[in-house]
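Note: the block below is my_file_6.cif and it holds mmCIF, C-alpha atoms.
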```
data_upload
loop_
_atom_site.label_atom_id
_atom_site.label_comp_id
_atom_site.auth_asym_id
_atom_site.auth_seq_id
_atom_site.Cartn_x
_atom_site.Cartn_y
_atom_site.Cartn_z
CA MET A 1290 0.00 0.00 0.00
CA ASN A 1291 1.38 3.38 -1.01
CA LYS A 1292 0.44 5.89 1.66
CA GLN A 1293 0.10 9.51 0.59
CA ALA A 1294 1.97 12.25 2.39
CA LYS A 1295 0.00 14.13 5.03
CA THR A 1296 -1.54 17.47 4.05
CA PHE A 1297 -1.57 20.33 6.55
CA ASN A 1298 -4.32 22.74 7.52
CA GLU A 1299 -3.47 26.32 8.59
CA ARG A 1300 -3.47 25.44 12.29
CA GLU A 1301 -1.10 22.51 11.78
CA LEU A 1302 1.14 24.64 9.58
CA GLN A 1303 1.33 27.25 12.34
CA ARG A 1304 2.19 24.52 14.86
CA LEU A 1305 4.93 23.29 12.51
CA PHE A 1306 6.42 26.77 12.15
CA ASP A 1307 6.21 27.32 15.93
CA TYR A 1308 8.28 24.14 16.35
CA VAL A 1309 10.74 25.12 13.61
CA ALA A 1310 11.35 28.49 15.29
CA LYS A 1311 12.97 26.62 18.19
CA THR A 1312 15.31 24.53 16.02
CA LYS A 1313 18.89 25.08 14.94
CA ASN A 1314 18.93 26.80 11.52
CA ALA A 1315 15.34 27.92 12.15
CA LYS A 1316 15.25 30.57 9.36
CA ARG A 1317 16.73 28.20 6.80
CA ASN A 1318 14.40 25.35 7.77
CA ARG A 1319 11.33 27.62 7.77
CA THR A 1320 12.19 28.93 4.29
CA ILE A 1321 12.76 25.41 2.94
CA LEU A 1322 9.40 24.24 4.30
CA MET A 1323 7.62 27.34 3.01
CA LEU A 1324 8.96 26.78 -0.52
CA THR A 1325 7.25 23.38 -0.49
CA HIS A 1326 4.04 24.55 1.24
CA LEU A 1327 3.58 27.99 -0.40
CA ALA A 1328 5.25 27.53 -3.79
CA GLY A 1329 4.64 23.81 -4.31
CA MET A 1330 8.28 23.01 -4.99
CA ARG A 1331 9.60 19.46 -4.87
CA ILE A 1332 12.29 18.88 -2.25
CA GLY A 1333 14.83 18.12 -5.00
CA GLU A 1334 14.03 21.46 -6.62
CA VAL A 1335 14.52 23.25 -3.32
CA ALA A 1336 17.89 21.52 -2.92
CA ALA A 1337 18.88 22.60 -6.46
CA VAL A 1338 17.98 26.30 -6.12
CA ARG A 1339 20.89 28.72 -6.31
CA VAL A 1340 21.07 32.28 -5.02
CA CYS A 1341 20.95 33.63 -8.60
CA ASP A 1342 17.65 31.79 -9.17
CA VAL A 1343 16.05 33.84 -6.38
CA VAL A 1344 17.92 37.15 -6.30
CA ALA A 1345 17.68 39.64 -9.19
CA SER A 1346 20.72 41.69 -10.25
CA ASP A 1347 19.44 44.65 -8.18
CA GLY A 1348 19.45 42.48 -5.03
CA THR A 1349 15.68 42.08 -4.73
CA VAL A 1350 13.84 38.76 -4.56
CA ARG A 1351 12.43 37.76 -7.93
CA ASP A 1352 8.68 37.25 -8.53
CA GLU A 1353 9.42 33.76 -9.82
CA ILE A 1354 12.09 31.09 -9.71
CA ASN A 1355 13.00 29.81 -13.15
CA LEU A 1356 14.23 26.26 -12.73
CA SER A 1357 16.40 24.77 -15.47
CA ALA A 1358 15.71 21.27 -16.77
CA ALA A 1359 18.64 20.00 -14.67
CA GLN A 1360 16.97 21.34 -11.49
CA THR A 1361 13.60 19.60 -11.98
CA LYS A 1362 12.27 16.07 -11.72
CA GLY A 1363 10.93 15.79 -15.26
CA LYS A 1364 14.06 17.29 -16.83
CA ARG A 1365 11.89 20.11 -18.17
CA SER A 1366 12.47 23.70 -17.15
CA ARG A 1367 9.66 25.32 -15.20
CA CYS A 1368 8.71 28.57 -13.52
CA VAL A 1369 7.74 28.69 -9.83
CA LEU A 1370 5.65 31.73 -8.94
CA LEU A 1371 6.35 33.42 -5.61
CA ASN A 1372 3.59 35.18 -3.70
CA GLU A 1373 4.34 38.20 -1.47
CA ARG A 1374 4.50 36.07 1.68
CA MET A 1375 7.07 33.74 0.08
CA LYS A 1376 9.11 36.65 -1.29
CA ALA A 1377 9.21 38.26 2.17
CA GLU A 1378 10.30 34.95 3.69
CA LEU A 1379 13.10 34.58 1.13
CA ALA A 1380 14.24 38.19 1.68
CA SER A 1381 14.37 37.60 5.43
CA TYR A 1382 16.31 34.34 4.99
CA LEU A 1383 18.76 35.93 2.53
CA GLN A 1384 19.78 38.45 5.21
CA THR A 1385 21.27 35.48 7.10
CA VAL A 1386 23.28 34.15 4.13
CA VAL A 1387 26.84 35.06 3.24
CA ILE A 1388 26.85 35.26 -0.55
CA LYS A 1389 30.29 34.59 -2.04
CA ASP A 1390 29.01 33.56 -5.44
CA THR A 1391 25.47 33.98 -6.79
CA LYS A 1392 25.74 30.48 -8.28
CA GLN A 1393 26.12 29.01 -4.79
CA PRO A 1394 23.25 26.89 -3.45
CA LEU A 1395 20.56 28.92 -1.69
CA PHE A 1396 20.53 26.44 1.20
CA ALA A 1397 23.87 25.29 2.55
CA THR A 1398 24.72 22.41 4.87
CA GLN A 1399 26.95 22.85 7.92
CA ARG A 1400 29.93 22.34 5.61
CA SER A 1401 28.56 25.15 3.40
CA LYS A 1402 27.93 22.80 0.49
CA GLY A 1403 24.48 22.52 -1.01
CA PHE A 1404 22.10 19.80 0.06
CA THR A 1405 21.43 16.83 -2.18
CA ALA A 1406 17.76 15.98 -2.70
CA ASN A 1407 18.31 13.00 -0.40
CA SER A 1408 20.00 14.90 2.42
CA LEU A 1409 17.34 17.63 2.34
CA THR A 1410 14.62 14.96 2.40
CA GLN A 1411 16.20 13.59 5.60
CA VAL A 1412 16.28 17.05 7.18
CA VAL A 1413 12.64 17.82 6.32
CA ASN A 1414 11.37 14.36 7.33
CA GLY A 1415 13.24 14.75 10.64
CA ILE A 1416 11.60 18.12 11.28
CA TYR A 1417 8.12 16.68 10.69
CA LYS A 1418 8.87 13.66 12.90
CA ASN A 1419 10.33 15.74 15.73
CA ALA A 1420 7.41 18.19 15.50
CA GLY A 1421 5.05 15.23 16.03
CA PHE A 1422 3.44 14.99 12.59
CA ASP A 1423 2.84 11.34 11.74
CA GLY A 1424 2.54 10.56 8.05
CA ALA A 1425 4.24 13.80 7.00
CA SER A 1426 7.11 13.59 4.52
CA SER A 1427 9.16 15.80 2.26
CA HIS A 1428 6.22 15.64 -0.18
CA SER A 1429 3.69 17.00 2.35
CA GLY A 1430 4.29 20.64 1.48
CA ARG A 1431 3.70 20.05 -2.21
CA ARG A 1432 0.55 18.01 -1.51
CA THR A 1433 -0.71 20.71 0.85
CA PHE A 1434 -0.05 23.39 -1.79
CA LEU A 1435 -1.96 21.52 -4.50
CA THR A 1436 -4.80 20.48 -2.16
CA ASN A 1437 -5.29 24.12 -1.13
CA LEU A 1438 -5.47 25.17 -4.80
CA ALA A 1439 -8.03 22.44 -5.53
CA GLU A 1440 -10.14 23.49 -2.54
CA LYS A 1441 -10.11 27.08 -3.83
CA GLY A 1442 -11.49 25.89 -7.17
CA VAL A 1443 -8.33 26.52 -9.22
CA SER A 1444 -8.61 24.80 -12.60
CA VAL A 1445 -6.77 21.55 -13.20
CA ARG A 1446 -4.79 23.14 -16.07
CA VAL A 1447 -3.54 25.97 -13.84
CA MET A 1448 -2.70 23.49 -11.07
CA MET A 1449 -0.74 21.38 -13.58
CA ALA A 1450 1.25 24.43 -14.67
CA LEU A 1451 1.97 25.47 -11.08
CA ALA A 1452 3.01 21.91 -10.18
CA GLY A 1453 5.20 21.54 -13.25
CA HIS A 1454 3.21 18.56 -14.52
CA SER A 1455 3.05 18.05 -18.28
CA SER A 1456 0.04 15.70 -18.31
CA LEU A 1457 -3.03 14.97 -16.24
#
```

Starting from the file, give its structure as structure tokens.
Amino acid sequence: MNKQAKTFNERELQRLFDYVAKTKNAKRNRTILMLTHLAGMRIGEVAAVRVCDVVASDGTVRDEINLSAAQTKGKRSRCVLLNERMKAELASYLQTVVIKDTKQPLFATQRSKGFTANSLTQVVNGIYKNAGFDGASSHSGRRTFLTNLAEKGVSVRVMMALAGHSSL
């Protein structure tokens, strides 16, 4: 049986972020989780994001993250739209980052290398587990994002585009 990742309601999401605030690397972890919950990004995409994908040449946070084919699951480039809440979160996180090279990973490990999709999955799954959310996984944010869109009556075609899916 293939169990689906847990989806979060607003109250649970707040409880998650309250827990994350008390963890080491709280800002980084919050931003990672928000990219999955608010922008619908896959954990591998989050791991692959570089500073230059998020920060425009004038230093502001972009309205969208353009992922190259190499950064996505389906090996097709895609655009991730960022709402104001997500942009503010990224701007706040970026104030904590030392940028030596704009091509550096947006999220660094303790050794200042970028996460692999696998290592970031472990981090996120650990956060959910330690916060007491059974059935939550690195895919929960993405499922929550898409479920919220469906509940708001967003068309399947728009949801497909936002999710980076090429077919129903």

To one decimal in Å, tell me the separation between CA of Ala1337 (chain A) and CA of Ala1294 (chain A).
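According to the coordinates, CA of Ala1337 (chain A) and CA of Ala1294 (chain A) are separated by 21.7 Å.
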
Give me, as CSV, the closest atom pair and its distance (Å, one decimal) for every residue of region 1374-1426 of chain A within a cut-off of 8 Å of region 1306-1328 of chain A, counting all atoms listed in the file, rows sorted by chain and rising number.
```
residue,atom,partner,partner_atom,distance
A:Met1375,CA,A:Leu1327,CA,6.7
A:Glu1378,CA,A:Thr1320,CA,6.3
A:Leu1379,CA,A:Thr1320,CA,6.5
A:Tyr1382,CA,A:Lys1316,CA,5.9
A:Phe1396,CA,A:Arg1317,CA,7.0
A:Val1413,CA,A:Leu1322,CA,7.5
A:Ile1416,CA,A:Val1309,CA,7.4
A:Ala1420,CA,A:Tyr1308,CA,6.1
```

For Thr1410 (chain A), work out the shell of residues within 8 Å, counting only C-alpha atoms and skipping chain neighbours fewer than 6 positions away, then give it as a PyMOL selection string.
chain A and resi 1332+1426-1427

Give me the result of the PyMOL selection byres ((chain A and resi 1434) around 12) on this file, residue by residue, as an MDAnalysis selection string.
chainID A and resid 1295:1299 1302 1322:1331 1428:1433 1435:1441 1443 1448:1449 1451:1452

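Of the listed residues A:Phe1404, A:Val1445, A:Glu1334, A:Leu1305, the one whose atoms come nearest to Gly1421 (chain A) is A:Leu1305, with distances taken using all atoms listed in the file.
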
Interatomic distance, CA of Val1343 (chain A) to CA of Ala1450 (chain A) (Å, one decimal):
19.4 Å

Let me know the residues the PyMOL selection byres ((chain A and resi 1383) around 12) catches in the file above, as a short mmCIF file (atom, residue, chain, number, x, y, z; two decimals) with C-alpha atoms, in the frame of the given file.
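Output file part.cif is given in full below:
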```cif
data_model
loop_
_atom_site.label_atom_id
_atom_site.label_comp_id
_atom_site.auth_asym_id
_atom_site.auth_seq_id
_atom_site.Cartn_x
_atom_site.Cartn_y
_atom_site.Cartn_z
CA LYS A 1316 15.25 30.57 9.36
CA ARG A 1317 16.73 28.20 6.80
CA THR A 1320 12.19 28.93 4.29
CA ARG A 1339 20.89 28.72 -6.31
CA VAL A 1340 21.07 32.28 -5.02
CA CYS A 1341 20.95 33.63 -8.60
CA VAL A 1343 16.05 33.84 -6.38
CA VAL A 1344 17.92 37.15 -6.30
CA GLY A 1348 19.45 42.48 -5.03
CA THR A 1349 15.68 42.08 -4.73
CA VAL A 1350 13.84 38.76 -4.56
CA LYS A 1376 9.11 36.65 -1.29
CA ALA A 1377 9.21 38.26 2.17
CA GLU A 1378 10.30 34.95 3.69
CA LEU A 1379 13.10 34.58 1.13
CA ALA A 1380 14.24 38.19 1.68
CA SER A 1381 14.37 37.60 5.43
CA TYR A 1382 16.31 34.34 4.99
CA GLN A 1384 19.78 38.45 5.21
CA THR A 1385 21.27 35.48 7.10
CA VAL A 1386 23.28 34.15 4.13
CA VAL A 1387 26.84 35.06 3.24
CA ILE A 1388 26.85 35.26 -0.55
CA THR A 1391 25.47 33.98 -6.79
CA PRO A 1394 23.25 26.89 -3.45
CA LEU A 1395 20.56 28.92 -1.69
CA PHE A 1396 20.53 26.44 1.20
CA ALA A 1397 23.87 25.29 2.55
#
```

Can you work out which one of A:Asn1372, A:Ile1354, A:Ala1425, A:Gly1453 has the shortest atom-to-atom distance to Lys1292 (chain A), counting only C-alpha atoms?
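Of the candidates, the smallest distance to Lys1292 (chain A) is held by A:Ala1425.
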
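Distance-wise, CA of Val1369 (chain A) and CA of Glu1353 (chain A) end up 5.3 Å apart.
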
Pick out the closest residue to Ala1406 (chain A) from this set: A:Lys1389, A:Lys1362, A:Arg1351, A:Lys1418. Count only C-alpha atoms.
A:Lys1362

Nearest to Arg1374 (chain A), chosen from A:Asp1352, A:Gln1303, A:Ser1357, A:Gly1442, with all atoms listed in the file counted in the distances:
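Going through A:Asp1352, A:Gln1303, A:Ser1357, A:Gly1442 one by one, the smallest distance to Arg1374 (chain A) is for A:Asp1352.
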
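Using all atoms listed in the file, the smallest distance between any of A:Ser1366, A:Ala1336, A:Arg1446, A:Ala1358 and Val1412 (chain A) comes from A:Ala1336.
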
Specify the axis-aligned box that encloses all atoms of region 1320-1336 of chain A listed in the file after padding of 4 Å on each side, stating its centre and edge lengths in Å to one decimal as JSON.
```
{"center_x": 10.7, "center_y": 23.5, "center_z": -1.2, "size_x": 22.3, "size_y": 18.8, "size_z": 18.9}
```
